[in-house]
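Step one of this worksheet: look at the structure below.
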Amino acid sequence: MSAKPGREVVVAGIGLHPFGRFPDRSIEAMSGRAVLEALKDAGVSYPQIQAAYFGHVYFNGMSMGEGILNGLGLTGIPIFNVENACSSSSTAFEMAFWAVASGVYDIALTFGAEKVPRGPVSVTAETSPARLLGTDHMMASYALRARRYMEEFSAPVEAFAHVAEKAHRNAVHNHYAQFQKVFTLQEILNSRMIADPLTLYQCCPTSDGASAAVICAREVAEKYKMDGKRLISVAGMGIKTSAYEDRKGEHIITARTAKEAYEMAGLGPEDVDVVQVHDAATNAGIFQLEGLGLVERGKGWVAELEGQTEINGKIPTNTDGGLQAMGHPLGATGIRMLHELVTQLRGEAGARQVVNPRIGIAENSGAGEVCTVIILKK
Amino acid sequence: MVETTKPVKRIPVIRSLKISEDGTTGVFIGKRCRNCREYMIGSPVFCLNCSSTEFDPVEFSQEGILRTYTVIYVPPPGWKGAVPYILGSVEVPEGIEITTEVIDCPKEALKVGMKMKLAMKVGGQDSEGNELIVHKWQPVNQGVIK
């Protein structure tokens, strides 16, 4: 199924609250900052927004989206609260897209925020047998996949560690990132073992943060007096959950999702200039490139070690630091990825700018499983 | 003889595990779809592959092959066992992988392709003092088969 939007939709504004640890700052305050930044970037005011879609994971009272946005004015718009694990805000973005593309709304706000508790993230409820079995361990599930890949393709652990090393090098140039310092390959490999072969610095941190984007129909951008040169087109997207066939191999879900997004955009992996993947653990930073068709299955680790994923490489990936260095406030991550793609496509990424990119792709994974793939076009 | 205390019951921690009364042996129970012939652990109402509701009951093999593993040094919340511990995914002949703790195996001896067998252990107690039985994987021997 290849979806056909009724009209072209563009990202008009983006905003972020820095990712990191902000114990004294509320989720409302962080979200508010990201939303106001996105509104300002789009050149619109909150009363012009016709609908809002909010992605978050942890429960912090009912209707959190309303709780956050009511502080900007009681405009009476529909506000949708979306929970889809780590894919929550990219899911919210896709829902907002379809509402605007189909003509229900002309302009919508989509945002995500989270304050993630410290320590390992659990997927199941406290009463789940998985707790007693010791199987509810997010990084262990990544480690099991890492070991399988190492066995099948003779990949060295250094290739995974390189994903983190590169991410941190990129994030030095990103003032929104949780970590803005270089880590050597040895520091990453020698850090505390979490779930073999993944060391602490190969597991993304838990974080606080917020992200936001204003989208609108291209045909109304002029009415809102937006700067046409800074509008980035939403060219394609897909969202999928687990299918029975996924168990027959690795990251088939990503390939299924990407196929839908590429078809909708009329583009293929060969057209992509800048990439965002969900590197919650370093090995996923490689696997997802294969899932997106950007490298051949089993060759991702070679591409990583050859430098193909560097900012000046063939497939520049996680140019802002990815989950590894940006941090991972679950509900905020999906739109954070789009924030970086928009920044890159506008040519506003400064020291981490890819040379003249035209097409960007973002892959956002969530427990469930969920996968979203979104393609943006200059 | 008069019983003065309530006998301790042994309860499998997941419903798809059928255990002996003394809790020392167990087997996974499940279903095989009559339409597409796929195997499923537990008691699905609908086939996960074709949504059929016609099944035959099955008991799964108690041995399989280790496909992947990890050694966990930082355990998840709620883990009461020793640290580090090993998690292994074992494929049984019915084509399903079951992931749980690997016991009685030094981590240096872990090898993808090892033959593993199911072992039942006491994983904890419920509020009434009953023993909760959990399943583990245990190496059959040190031999490796592919």
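Chains: A, B, ... in order of the structure tokens. Residues: from 1 per chain. Ligands: from 1, in order shown.
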**Message:** So that I can see what lies close to region 53-66 of chain B, please list as a ChimeraX atom specification the residues with an atom at most 10 Å from it, counting only C-alpha atoms and leaving out residues fewer than 3 positions away in the same chain.
**Reply:** /B:16-18,25-48,50,69,88-99,102,110-119,137-140,144-146
Those residues you just picked out, can you put them in a file as a PDB file, in the first residue's frame with C-alpha atoms?
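The resulting file, part32.pdb, is shown below:
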ATOM      1  CA  SER B  16       2.418 -21.746  28.918  1.00  0.00           C
ATOM      2  CA  LEU B  17       4.743 -23.789  31.118  1.00  0.00           C
ATOM      3  CA  LYS B  18       3.382 -27.155  32.329  1.00  0.00           C
ATOM      4  CA  THR B  25      10.497 -30.914  35.216  1.00  0.00           C
ATOM      5  CA  GLY B  26       8.480 -28.852  32.822  1.00  0.00           C
ATOM      6  CA  VAL B  27       7.505 -28.425  29.231  1.00  0.00           C
ATOM      7  CA  PHE B  28       6.173 -25.586  27.117  1.00  0.00           C
ATOM      8  CA  ILE B  29       2.667 -26.098  25.877  1.00  0.00           C
ATOM      9  CA  GLY B  30       1.124 -24.378  22.916  1.00  0.00           C
ATOM     10  CA  LYS B  31      -0.816 -24.793  19.751  1.00  0.00           C
ATOM     11  CA  ARG B  32      -0.263 -25.690  16.134  1.00  0.00           C
ATOM     12  CA  CYS B  33      -2.465 -23.968  13.569  1.00  0.00           C
ATOM     13  CA  ARG B  34      -4.521 -26.423  11.512  1.00  0.00           C
ATOM     14  CA  ASN B  35      -4.579 -23.984   8.598  1.00  0.00           C
ATOM     15  CA  CYS B  36      -0.983 -22.789   8.179  1.00  0.00           C
ATOM     16  CA  ARG B  37       0.737 -25.428  10.386  1.00  0.00           C
ATOM     17  CA  GLU B  38       2.730 -22.822  12.347  1.00  0.00           C
ATOM     18  CA  TYR B  39       3.527 -23.446  16.006  1.00  0.00           C
ATOM     19  CA  MET B  40       2.711 -21.000  18.794  1.00  0.00           C
ATOM     20  CA  ILE B  41       3.615 -21.047  22.470  1.00  0.00           C
ATOM     21  CA  GLY B  42       0.799 -20.498  24.965  1.00  0.00           C
ATOM     22  CA  SER B  43      -2.875 -20.322  24.196  1.00  0.00           C
ATOM     23  CA  PRO B  44      -3.485 -17.825  21.417  1.00  0.00           C
ATOM     24  CA  VAL B  45      -7.120 -17.446  20.393  1.00  0.00           C
ATOM     25  CA  PHE B  46      -6.118 -16.470  16.868  1.00  0.00           C
ATOM     26  CA  CYS B  47      -3.182 -17.798  14.876  1.00  0.00           C
ATOM     27  CA  LEU B  48      -0.511 -15.068  14.818  1.00  0.00           C
ATOM     28  CA  CYS B  50      -3.184 -16.430   9.558  1.00  0.00           C
ATOM     29  CA  TYR B  69      23.257 -14.894  23.980  1.00  0.00           C
ATOM     30  CA  GLY B  88      20.194 -17.111  25.780  1.00  0.00           C
ATOM     31  CA  SER B  89      17.804 -17.492  22.844  1.00  0.00           C
ATOM     32  CA  VAL B  90      17.311 -21.145  22.014  1.00  0.00           C
ATOM     33  CA  GLU B  91      15.543 -22.355  18.897  1.00  0.00           C
ATOM     34  CA  VAL B  92      13.483 -25.481  19.452  1.00  0.00           C
ATOM     35  CA  PRO B  93      12.805 -27.878  16.554  1.00  0.00           C
ATOM     36  CA  GLU B  94       9.301 -26.405  16.156  1.00  0.00           C
ATOM     37  CA  GLY B  95      11.007 -23.258  14.843  1.00  0.00           C
ATOM     38  CA  ILE B  96      10.426 -20.955  17.819  1.00  0.00           C
ATOM     39  CA  GLU B  97      13.066 -19.157  19.860  1.00  0.00           C
ATOM     40  CA  ILE B  98      12.691 -19.008  23.618  1.00  0.00           C
ATOM     41  CA  THR B  99      14.808 -16.484  25.511  1.00  0.00           C
ATOM     42  CA  VAL B 102      21.233 -19.904  30.773  1.00  0.00           C
ATOM     43  CA  LEU B 110      29.122 -20.016  25.621  1.00  0.00           C
ATOM     44  CA  LYS B 111      28.975 -20.731  21.941  1.00  0.00           C
ATOM     45  CA  VAL B 112      26.290 -20.141  19.357  1.00  0.00           C
ATOM     46  CA  GLY B 113      25.213 -23.592  18.175  1.00  0.00           C
ATOM     47  CA  MET B 114      25.403 -25.242  21.609  1.00  0.00           C
ATOM     48  CA  LYS B 115      22.680 -27.733  22.403  1.00  0.00           C
ATOM     49  CA  MET B 116      20.543 -26.685  25.362  1.00  0.00           C
ATOM     50  CA  LYS B 117      17.831 -28.327  27.440  1.00  0.00           C
ATOM     51  CA  LEU B 118      15.078 -26.906  29.622  1.00  0.00           C
ATOM     52  CA  ALA B 119      15.556 -26.894  33.396  1.00  0.00           C
ATOM     53  CA  TRP B 137      18.336 -23.206  29.630  1.00  0.00           C
ATOM     54  CA  GLN B 138      21.130 -25.595  30.567  1.00  0.00           C
ATOM     55  CA  PRO B 139      23.826 -26.976  28.252  1.00  0.00           C
ATOM     56  CA  VAL B 140      23.258 -30.602  27.243  1.00  0.00           C
ATOM     57  CA  VAL B 144      28.498 -27.873  19.427  1.00  0.00           C
ATOM     58  CA  ILE B 145      26.165 -28.747  16.608  1.00  0.00           C
ATOM     59  CA  LYS B 146      25.152 -26.522  13.747  1.00  0.00           C
TER      60      LYS B 146
END
**Item:** Residue hits in chain B, query chain A, radius 9 Å, only C-alpha atoms, as a count of residues only
**Value:** 33
**Shell of 12 Å around Asn60 (chain A), only C-alpha atoms, local chain residues under 4 positions omitted, as a PyMOL selection string** = chain A and resi 26-28+56+64-65+67-68+113-116
With C-alpha atoms kept, could you save the residues just selected as a tab-separated table (two decimals), in the first residue's frame?
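And here is the file that came out, selection-v9.tsv:
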chain	number	residue	atom	x	y	z
A	26	SER	CA	8.99	20.49	34.59
A	27	ILE	CA	7.89	18.69	31.47
A	28	GLU	CA	5.50	21.61	30.87
A	56	HIS	CA	5.00	10.89	25.21
A	64	MET	CA	-0.76	15.80	29.37
A	65	GLY	CA	-0.91	17.56	26.02
A	67	GLY	CA	-1.92	20.39	30.50
A	68	ILE	CA	1.06	21.67	28.56
A	113	ALA	CA	8.52	15.44	25.61
A	114	GLU	CA	9.76	13.19	28.36
A	115	LYS	CA	11.47	13.04	31.70
A	116	VAL	CA	12.86	9.51	31.82
**Request:** Any chance you could list, as a PyMOL selection string, the residues in region 103-258 of chain A that come up strand (DSSP E) when DSSP is run on the backbone?
**Result:** chain A and resi 107-115+193-195+198-199+208-217+232-241
**Message:** Give me, as a list in words, all polymer residues having an atom no more than 12 Å from Ile252 (chain A), counting only C-alpha atoms and skipping those fewer than 3 positions away in the same chain.
**Reply:**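 Everything that qualifies: Lys240, Thr241, Ser242, Ala243, Tyr244, Glu245, Asp246, Arg247, Lys248, Gly249, Ala255, Arg256, Thr257, Ala258, Lys259, Phe287, Gln288, Leu289, Glu290, Gly291, Leu292, Gly293, Arg297, Glu369, Val370 and Cys371 of chain A.
The neighbours of region 72-78 of chain A here are the residues that come within 10 Å of it, using only C-alpha atoms and leaving out any residue fewer than 4 positions away in the same chain; they are Gly32, Val35, Leu36, Ser45, Tyr46, Pro47, Gln48, Ile49, Gln50, Ala51, Ala52, Tyr53, Glu66, Gly67, Ile68 and Ala108 of chain A.
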Go ahead and save the picked residues with C-alpha atoms, as a short mmCIF file (atom, residue, chain, number, x, y, z; two decimals), in the first residue's frame.
data_model
loop_
_atom_site.label_atom_id
_atom_site.label_comp_id
_atom_site.auth_asym_id
_atom_site.auth_seq_id
_atom_site.Cartn_x
_atom_site.Cartn_y
_atom_site.Cartn_z
CA GLY A 32 6.71 25.04 26.26
CA VAL A 35 6.85 24.63 21.16
CA LEU A 36 7.52 28.38 21.37
CA SER A 45 1.47 32.41 16.95
CA TYR A 46 -0.22 29.74 19.05
CA PRO A 47 -3.81 30.90 18.31
CA GLN A 48 -3.18 30.14 14.62
CA ILE A 49 -2.58 26.44 15.39
CA GLN A 50 -5.65 24.36 14.52
CA ALA A 51 -4.72 21.02 16.10
CA ALA A 52 -1.92 19.55 18.22
CA TYR A 53 -0.45 16.05 18.45
CA GLU A 66 -3.76 19.73 27.24
CA GLY A 67 -1.92 20.39 30.50
CA ILE A 68 1.06 21.67 28.56
CA ALA A 108 -0.88 21.78 13.08
#
**Request:** Please identify all polymer residues within 8 Å of Gln324 (chain A), counting only C-alpha atoms, omitting same-chain residues fewer than 2 positions from it, and present them as a ChimeraX atom specification.
**Result:** /A:164,167-168,201-205,279-282,321-322,326-328
Please write the residues from the selection above to a file, keeping C-alpha atoms, as a PDB file, in the first residue's frame.
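Output saved as result04.pdb:
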ATOM      1  CA  ALA A 164      29.066   5.941  19.471  1.00  0.00           C
ATOM      2  CA  ALA A 167      27.994  10.251  17.339  1.00  0.00           C
ATOM      3  CA  HIS A 168      29.967  12.008  20.062  1.00  0.00           C
ATOM      4  CA  TYR A 201      28.890   4.087  26.271  1.00  0.00           C
ATOM      5  CA  GLN A 202      27.206   1.945  23.641  1.00  0.00           C
ATOM      6  CA  CYS A 203      23.832   2.315  25.343  1.00  0.00           C
ATOM      7  CA  CYS A 204      22.039   5.634  24.905  1.00  0.00           C
ATOM      8  CA  PRO A 205      21.550   7.635  28.094  1.00  0.00           C
ATOM      9  CA  ASP A 279      20.726   4.031  17.675  1.00  0.00           C
ATOM     10  CA  ALA A 280      19.416   3.296  21.188  1.00  0.00           C
ATOM     11  CA  ALA A 281      22.241   0.766  21.242  1.00  0.00           C
ATOM     12  CA  THR A 282      25.170   1.196  18.886  1.00  0.00           C
ATOM     13  CA  GLY A 321      24.789  12.868  17.700  1.00  0.00           C
ATOM     14  CA  GLY A 322      21.845  10.480  17.466  1.00  0.00           C
ATOM     15  CA  MET A 326      21.875  13.689  21.941  1.00  0.00           C
ATOM     16  CA  GLY A 327      20.256  11.525  24.620  1.00  0.00           C
ATOM     17  CA  HIS A 328      16.906   9.772  24.481  1.00  0.00           C
TER      18      HIS A 328
END
**Message:** Just want the 10 Å neighbourhood of Leu231 (chain A), counted on only C-alpha atoms, with same-chain residues fewer than 5 positions away dropped. Output as number ranges by chain.
**Reply:** A: 9-13, 42, 215-216, 218, 221, 226, 342, 345-346, 377-378
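Nearest-residue note for Glu94 (chain A): choosing from A:Ile239, A:Asp41, A:Glu263, A:Ala325, the minimum distance belongs to A:Ile239, counting only C-alpha atoms.
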